[in-house]
Amino acid sequence: MKISMYQVSAPRFANALRNLSAILDKAQAHAEAKKLDPAVLGSLRLIADMFPLARQVQIACDTAKGAVARLAGAEIPKHEDTEQTVAELKARIAKTLDFVGSVPAAKIDGSEEREVVMKMRGEDVKFSGLQYLFGHAWPNFYFHLTTAYNILRANGVELGKRDYIGNP
């Protein structure tokens with residue numbers, strides 16, 4: 001059976017980003033219920049030397065749109081990294097979902113061997129499409145998605161595995 005690069009990329013990123021958006025809704029509701037300043041949500045961290053929630057969401061979005069664009073041979077949309085509030089982060093996710101949804105399957109399917117070149121630490125790193133998706137994009141995406149979830153969970157937002165996984 002041949003793998004569909006589209007099916008294992010764009011729809012999977014989109015599903016996880018929709019789950020992240022719903023998790024942010026729960027964070028906003030938690031802040032309101034506990035009478036916490038919702039403006040502080042974006043600056044929450046797991047530990048001092050890790051990025052805050054806002055940056056975790058930005059990187060998850062960047063990874064998803066970057067992966068879809070690279071696999072499709074398309075230009076990566078640029079987003080300013082200025083979001084701090086839940087509403088701004090949800091808007092970033094929505095923009096990312098719009099882009100991911102706009103890329104046709106035909107542009108991604110067949111990209112298993114397409115060369116993907118990324119600048120990493122000032123050097124060009126080359127991957128095949130399959131190596132890039134499974135060895136770089138997915139692990140990076142899920143790291144930041146999971147860290148965002150854990151930041152909120154560690155700060156009292158009632159979240160569970162179902163919130164993270166959602167509806168596959």
# chains A, B, ... in the order shown; residues from 1 in each chain; ligands from 1
$ residues_around --residues "range 128-133 of chain A" --least-positions-apart "2" --cutoff "9 Å" --atoms "only C-alpha atoms" --output "ChimeraX atom specification"
/A:5,8-9,67,70-71,110-117,126,135-139
$ select_by_dssp --residues "range 31-133 of chain A" --states "helix (DSSP H, G or I)" --output "PyMOL selection string"
chain A and resi 31-33+38-43+53-72+86-102+105-108+111-113+129-133
$ residues_around --residues "Phe99 in chain A" --least-positions-apart "4" --cutoff "9 Å" --atoms "only C-alpha atoms" --output "list in words"
Lys65, Val68, Ala69, Pro77, Ala94, Lys95 and Val103 of chain A
$ residues_around --residues "Glu83 in chain A" --least-positions-apart "5" --cutoff "9 Å" --atoms "only C-alpha atoms" --output "VMD selection string"
chain A and resid 42 54 to 55 58 88 to 89 91 to 92
$ write_last_selection --atoms "N, CA, C and O atoms" --output "mmCIF file, in the first residue's frame"
data_model
loop_
_atom_site.group_PDB
_atom_site.id
_atom_site.type_symbol
_atom_site.label_atom_id
_atom_site.label_comp_id
_atom_site.auth_asym_id
_atom_site.auth_seq_id
_atom_site.Cartn_x
_atom_site.Cartn_y
_atom_site.Cartn_z
ATOM 1 N N GLY A 42 -1.093 33.789 27.834
ATOM 2 C CA GLY A 42 -0.070 33.682 26.791
ATOM 3 C C GLY A 42 1.342 33.651 27.322
ATOM 4 O O GLY A 42 2.253 33.174 26.644
ATOM 5 N N ALA A 54 2.143 31.296 24.354
ATOM 6 C CA ALA A 54 1.951 31.981 23.069
ATOM 7 C C ALA A 54 2.967 31.501 22.038
ATOM 8 O O ALA A 54 2.611 31.219 20.890
ATOM 9 N N ARG A 55 4.213 31.376 22.429
ATOM 10 C CA ARG A 55 5.248 30.946 21.485
ATOM 11 C C ARG A 55 5.071 29.479 21.095
ATOM 12 O O ARG A 55 5.324 29.103 19.953
ATOM 13 N N GLN A 58 2.451 29.522 18.439
ATOM 14 C CA GLN A 58 3.009 30.080 17.206
ATOM 15 C C GLN A 58 3.882 29.055 16.486
ATOM 16 O O GLN A 58 3.772 28.886 15.267
ATOM 17 N N GLU A 88 -6.119 36.209 19.998
ATOM 18 C CA GLU A 88 -5.080 36.364 18.970
ATOM 19 C C GLU A 88 -4.485 35.008 18.575
ATOM 20 O O GLU A 88 -4.232 34.755 17.396
ATOM 21 N N LEU A 89 -4.274 34.142 19.556
ATOM 22 C CA LEU A 89 -3.731 32.815 19.257
ATOM 23 C C LEU A 89 -4.718 31.985 18.450
ATOM 24 O O LEU A 89 -4.339 31.283 17.517
ATOM 25 N N ALA A 91 -6.908 33.211 16.411
ATOM 26 C CA ALA A 91 -6.890 33.797 15.057
ATOM 27 C C ALA A 91 -5.688 33.262 14.275
ATOM 28 O O ALA A 91 -5.793 32.987 13.078
ATOM 29 N N ARG A 92 -4.548 33.092 14.934
ATOM 30 C CA ARG A 92 -3.351 32.529 14.292
ATOM 31 C C ARG A 92 -3.643 31.098 13.846
ATOM 32 O O ARG A 92 -3.282 30.704 12.734
#
$ residues_around --residues "Asp25 in chain A" --least-positions-apart "2" --cutoff "12 Å" --atoms "only C-alpha atoms" --output "list in words"
Arg18, Asn19, Leu20, Ser21, Ala22, Ile23, Ala27, Gln28, Ala29, His30, Ala31, Glu32, Pro38, Leu41, Thr85, Val86, Ala87, Glu88, Leu89, Lys90, Leu152, Val157, Glu158, Leu159 and Asp163 of chain A
$ select_by_dssp --residues "chain A" --states "strand (DSSP E)" --output "ChimeraX atom specification"
/A:115-120,123-128
$ closest_residue --among "A:Ala10, A:Tyr149, A:Met118, A:Ile76" --to "Arg162 in chain A" --atoms "only C-alpha atoms"
A:Tyr149
$ residues_around --residues "Pro11 in chain A" --least-positions-apart "3" --cutoff "12 Å" --atoms "only C-alpha atoms" --output "list in words"
Ser4, Met5, Tyr6, Gln7, Val8, Ala14, Asn15, Ala16, Leu17, Arg18, Ala64, Lys65, Val68, Leu97, Asp98, Phe99, Val100, Gly101, Ser102, Val103, Pro104, Ala105, Ile108, Asn167 and Pro168 of chain A
$ atom_distance --atom1 "CA of Ile151 in chain A" --atom2 "CA of Tyr164 in chain A"
12.8 Å
$ residues_around --residues "Arg45 in chain A" --least-positions-apart "2" --cutoff "10 Å" --atoms "only C-alpha atoms" --output "list in words"
Leu41, Gly42, Ser43, Ile47, Ala48, Asp49, Met50, Phe51, Pro52, Leu53, Ala54, Arg55, Gln56, Thr147, Ala148, Asn150, Ile151, Leu152, Ala154 and Asn155 of chain A
$ write_last_selection --atoms "all heavy atoms" --output "compact mmCIF listing (two decimals), in the first residue's frame"
# COMPACT_ATOMS: atom_id res chain seq x y z
N LEU A 41 -2.46 34.36 30.28
CA LEU A 41 -2.40 33.00 29.73
C LEU A 41 -1.26 32.83 28.72
O LEU A 41 -0.55 31.84 28.75
CB LEU A 41 -3.73 32.61 29.08
CG LEU A 41 -4.91 32.40 30.03
CD1 LEU A 41 -6.19 32.18 29.24
CD2 LEU A 41 -4.65 31.24 30.97
N GLY A 42 -1.09 33.79 27.83
CA GLY A 42 -0.07 33.68 26.79
C GLY A 42 1.34 33.65 27.32
O GLY A 42 2.25 33.17 26.64
N SER A 43 1.55 34.14 28.55
CA SER A 43 2.91 34.19 29.10
C SER A 43 3.21 33.03 30.06
O SER A 43 4.31 32.94 30.58
CB SER A 43 3.13 35.52 29.83
OG SER A 43 2.24 35.63 30.92
N ILE A 47 8.44 25.87 32.65
CA ILE A 47 9.68 26.10 33.39
C ILE A 47 10.35 27.33 32.77
O ILE A 47 10.12 27.64 31.61
CB ILE A 47 10.58 24.84 33.36
CG1 ILE A 47 11.69 24.92 34.38
CG2 ILE A 47 11.09 24.55 31.98
CD1 ILE A 47 12.33 23.58 34.71
N ALA A 48 11.14 28.01 33.54
CA ALA A 48 11.66 29.32 33.14
C ALA A 48 12.39 29.34 31.79
O ALA A 48 12.29 30.32 31.06
CB ALA A 48 12.58 29.88 34.22
N ASP A 49 13.11 28.27 31.46
CA ASP A 49 13.90 28.32 30.22
C ASP A 49 13.16 27.77 29.01
O ASP A 49 13.75 27.58 27.95
CB ASP A 49 15.25 27.61 30.40
CG ASP A 49 15.12 26.11 30.57
OD1 ASP A 49 14.00 25.60 30.76
OD2 ASP A 49 16.17 25.42 30.50
N MET A 50 11.85 27.54 29.13
CA MET A 50 11.05 27.10 27.99
C MET A 50 10.20 28.26 27.48
O MET A 50 9.89 29.19 28.23
CB MET A 50 10.14 25.94 28.38
CG MET A 50 10.90 24.65 28.62
SD MET A 50 9.82 23.27 29.01
CE MET A 50 9.22 22.84 27.38
N PHE A 51 9.83 28.20 26.22
CA PHE A 51 8.97 29.23 25.65
C PHE A 51 7.61 29.25 26.36
O PHE A 51 7.12 28.21 26.80
CB PHE A 51 8.72 28.98 24.16
CG PHE A 51 9.90 29.25 23.28
CD1 PHE A 51 10.29 28.32 22.33
CD2 PHE A 51 10.60 30.44 23.35
CE1 PHE A 51 11.35 28.56 21.48
CE2 PHE A 51 11.67 30.70 22.51
CZ PHE A 51 12.05 29.75 21.58
N PRO A 52 6.98 30.43 26.41
CA PRO A 52 5.64 30.53 26.99
C PRO A 52 4.57 29.98 26.04
O PRO A 52 4.85 29.67 24.87
CB PRO A 52 5.47 32.04 27.20
CG PRO A 52 6.30 32.65 26.14
CD PRO A 52 7.49 31.73 25.97
N LEU A 53 3.36 29.88 26.55
CA LEU A 53 2.24 29.34 25.79
C LEU A 53 2.10 29.98 24.42
O LEU A 53 1.96 29.28 23.41
CB LEU A 53 0.93 29.51 26.58
CG LEU A 53 -0.33 29.07 25.85
CD1 LEU A 53 -0.36 27.56 25.65
CD2 LEU A 53 -1.56 29.54 26.59
N ALA A 54 2.14 31.30 24.35
CA ALA A 54 1.95 31.98 23.07
C ALA A 54 2.97 31.50 22.04
O ALA A 54 2.61 31.22 20.89
CB ALA A 54 2.04 33.50 23.24
N ARG A 55 4.21 31.38 22.43
CA ARG A 55 5.25 30.95 21.49
C ARG A 55 5.07 29.48 21.10
O ARG A 55 5.32 29.10 19.95
CB ARG A 55 6.64 31.18 22.10
CG ARG A 55 7.75 30.98 21.10
CD ARG A 55 7.80 32.12 20.08
NE ARG A 55 8.78 31.81 19.07
CZ ARG A 55 8.52 31.72 17.75
NH1 ARG A 55 7.31 31.95 17.29
NH2 ARG A 55 9.47 31.42 16.91
N GLN A 56 4.62 28.65 22.03
CA GLN A 56 4.37 27.24 21.71
C GLN A 56 3.30 27.14 20.61
O GLN A 56 3.44 26.36 19.66
CB GLN A 56 3.92 26.47 22.96
CG GLN A 56 4.89 26.48 24.10
CD GLN A 56 6.19 25.75 23.83
OE1 GLN A 56 6.31 24.92 22.94
NE2 GLN A 56 7.22 26.06 24.63
N THR A 147 3.43 20.64 24.62
CA THR A 147 3.90 21.59 25.61
C THR A 147 2.83 22.64 25.91
O THR A 147 2.61 23.00 27.08
CB THR A 147 5.22 22.24 25.16
OG1 THR A 147 6.18 21.19 24.94
CG2 THR A 147 5.76 23.20 26.21
N ALA A 148 2.12 23.11 24.90
CA ALA A 148 1.02 24.06 25.13
C ALA A 148 -0.04 23.43 26.02
O ALA A 148 -0.52 24.05 26.99
CB ALA A 148 0.41 24.50 23.79
N ASN A 150 0.38 20.96 28.13
CA ASN A 150 0.92 20.76 29.47
C ASN A 150 1.02 22.06 30.26
O ASN A 150 0.84 22.07 31.47
CB ASN A 150 2.28 20.07 29.40
CG ASN A 150 2.15 18.61 29.01
OD1 ASN A 150 1.12 17.98 29.25
ND2 ASN A 150 3.18 18.07 28.40
N ILE A 151 1.34 23.15 29.59
CA ILE A 151 1.38 24.45 30.28
C ILE A 151 0.01 24.75 30.89
O ILE A 151 -0.11 25.12 32.05
CB ILE A 151 1.80 25.58 29.31
CG1 ILE A 151 3.29 25.48 28.98
CG2 ILE A 151 1.47 26.96 29.90
CD1 ILE A 151 3.74 26.38 27.84
N LEU A 152 -1.02 24.58 30.09
CA LEU A 152 -2.38 24.88 30.58
C LEU A 152 -2.79 23.90 31.66
O LEU A 152 -3.38 24.29 32.68
CB LEU A 152 -3.37 24.89 29.41
CG LEU A 152 -3.12 26.02 28.42
CD1 LEU A 152 -4.00 25.87 27.19
CD2 LEU A 152 -3.35 27.38 29.09
N ALA A 154 -0.85 22.24 33.71
CA ALA A 154 -0.07 22.52 34.92
C ALA A 154 -0.58 23.75 35.65
O ALA A 154 -0.34 23.91 36.85
CB ALA A 154 1.41 22.69 34.57
N ASN A 155 -1.30 24.61 34.93
CA ASN A 155 -1.83 25.83 35.54
C ASN A 155 -3.32 25.70 35.87
O ASN A 155 -4.00 26.71 36.02
CB ASN A 155 -1.56 27.02 34.63
CG ASN A 155 -0.12 27.47 34.77
OD1 ASN A 155 0.22 28.18 35.70
ND2 ASN A 155 0.74 27.02 33.87
$ atom_distance --atom1 "CA of Leu145 in chain A" --atom2 "CA of Cys61 in chain A"
9.1 Å
$ atom_distance --atom1 "CA of Ile3 in chain A" --atom2 "CA of Val57 in chain A"
28.3 Å
$ decode --residues "range 136-147 of chain A" --atoms "all heavy atoms" --output "compact mmCIF listing (two decimals), in the first residue's frame"
# COMPACT_ATOMS: atom_id res chain seq x y z
N HIS A 136 11.07 15.22 11.19
CA HIS A 136 11.25 16.60 11.65
C HIS A 136 9.91 17.30 11.93
O HIS A 136 9.68 17.76 13.05
CB HIS A 136 12.06 17.42 10.64
CG HIS A 136 12.28 18.82 11.10
ND1 HIS A 136 13.23 19.16 12.02
CD2 HIS A 136 11.63 19.97 10.79
CE1 HIS A 136 13.16 20.46 12.26
NE2 HIS A 136 12.21 20.97 11.52
N ALA A 137 9.06 17.39 10.93
CA ALA A 137 7.84 18.18 11.09
C ALA A 137 6.92 17.62 12.18
O ALA A 137 6.48 18.36 13.06
CB ALA A 137 7.09 18.29 9.76
N TRP A 138 6.61 16.32 12.08
CA TRP A 138 5.71 15.75 13.09
C TRP A 138 6.27 15.86 14.51
O TRP A 138 5.57 16.33 15.41
CB TRP A 138 5.38 14.29 12.77
CG TRP A 138 4.21 14.15 11.84
CD1 TRP A 138 4.18 13.47 10.67
CD2 TRP A 138 2.89 14.70 11.99
NE1 TRP A 138 2.94 13.56 10.09
CE2 TRP A 138 2.13 14.31 10.88
CE3 TRP A 138 2.29 15.49 12.96
CZ2 TRP A 138 0.80 14.68 10.72
CZ3 TRP A 138 0.96 15.87 12.80
CH2 TRP A 138 0.24 15.46 11.69
N PRO A 139 7.52 15.42 14.76
CA PRO A 139 8.02 15.54 16.14
C PRO A 139 8.03 16.98 16.65
O PRO A 139 7.67 17.24 17.80
CB PRO A 139 9.45 14.99 16.06
CG PRO A 139 9.44 14.10 14.86
CD PRO A 139 8.47 14.72 13.89
N ASN A 140 8.41 17.93 15.81
CA ASN A 140 8.44 19.32 16.23
C ASN A 140 7.03 19.83 16.52
O ASN A 140 6.78 20.49 17.54
CB ASN A 140 9.12 20.17 15.15
CG ASN A 140 9.45 21.56 15.64
OD1 ASN A 140 10.08 21.73 16.67
ND2 ASN A 140 9.04 22.55 14.88
N PHE A 141 6.10 19.54 15.62
CA PHE A 141 4.72 19.96 15.80
C PHE A 141 4.14 19.41 17.11
O PHE A 141 3.60 20.16 17.92
CB PHE A 141 3.88 19.49 14.61
CG PHE A 141 2.42 19.81 14.71
CD1 PHE A 141 1.96 21.09 14.50
CD2 PHE A 141 1.50 18.81 15.02
CE1 PHE A 141 0.60 21.40 14.58
CE2 PHE A 141 0.15 19.10 15.11
CZ PHE A 141 -0.31 20.40 14.89
N TYR A 142 4.27 18.12 17.31
CA TYR A 142 3.68 17.51 18.51
C TYR A 142 4.40 17.92 19.78
O TYR A 142 3.77 18.01 20.85
CB TYR A 142 3.60 16.00 18.37
CG TYR A 142 2.38 15.60 17.59
CD1 TYR A 142 2.49 15.02 16.34
CD2 TYR A 142 1.10 15.84 18.09
CE1 TYR A 142 1.36 14.68 15.61
CE2 TYR A 142 -0.03 15.51 17.36
CZ TYR A 142 0.11 14.92 16.13
OH TYR A 142 -1.01 14.60 15.42
N PHE A 143 5.69 18.21 19.71
CA PHE A 143 6.38 18.72 20.89
C PHE A 143 5.74 20.03 21.36
O PHE A 143 5.42 20.19 22.54
CB PHE A 143 7.88 18.95 20.58
CG PHE A 143 8.61 19.60 21.72
CD1 PHE A 143 9.13 18.84 22.74
CD2 PHE A 143 8.78 20.98 21.77
CE1 PHE A 143 9.79 19.44 23.81
CE2 PHE A 143 9.44 21.59 22.82
CZ PHE A 143 9.95 20.81 23.85
N HIS A 144 5.54 20.96 20.44
CA HIS A 144 5.00 22.26 20.83
C HIS A 144 3.51 22.19 21.17
O HIS A 144 3.05 22.88 22.08
CB HIS A 144 5.31 23.30 19.75
CG HIS A 144 6.77 23.58 19.67
ND1 HIS A 144 7.43 24.32 20.62
CD2 HIS A 144 7.71 23.16 18.80
CE1 HIS A 144 8.71 24.37 20.33
NE2 HIS A 144 8.91 23.66 19.22
N LEU A 145 2.78 21.35 20.48
CA LEU A 145 1.36 21.14 20.80
C LEU A 145 1.22 20.55 22.20
O LEU A 145 0.41 21.03 23.01
CB LEU A 145 0.75 20.21 19.76
CG LEU A 145 -0.73 19.95 19.85
CD1 LEU A 145 -1.50 21.16 19.31
CD2 LEU A 145 -1.10 18.72 19.03
N THR A 146 2.00 19.53 22.50
CA THR A 146 1.96 18.89 23.81
C THR A 146 2.41 19.85 24.90
O THR A 146 1.83 19.87 25.99
CB THR A 146 2.85 17.62 23.81
OG1 THR A 146 2.37 16.74 22.79
CG2 THR A 146 2.82 16.91 25.14
N THR A 147 3.43 20.64 24.62
CA THR A 147 3.90 21.59 25.61
C THR A 147 2.83 22.64 25.91
O THR A 147 2.61 23.00 27.08
CB THR A 147 5.22 22.24 25.16
OG1 THR A 147 6.18 21.19 24.94
CG2 THR A 147 5.76 23.20 26.21
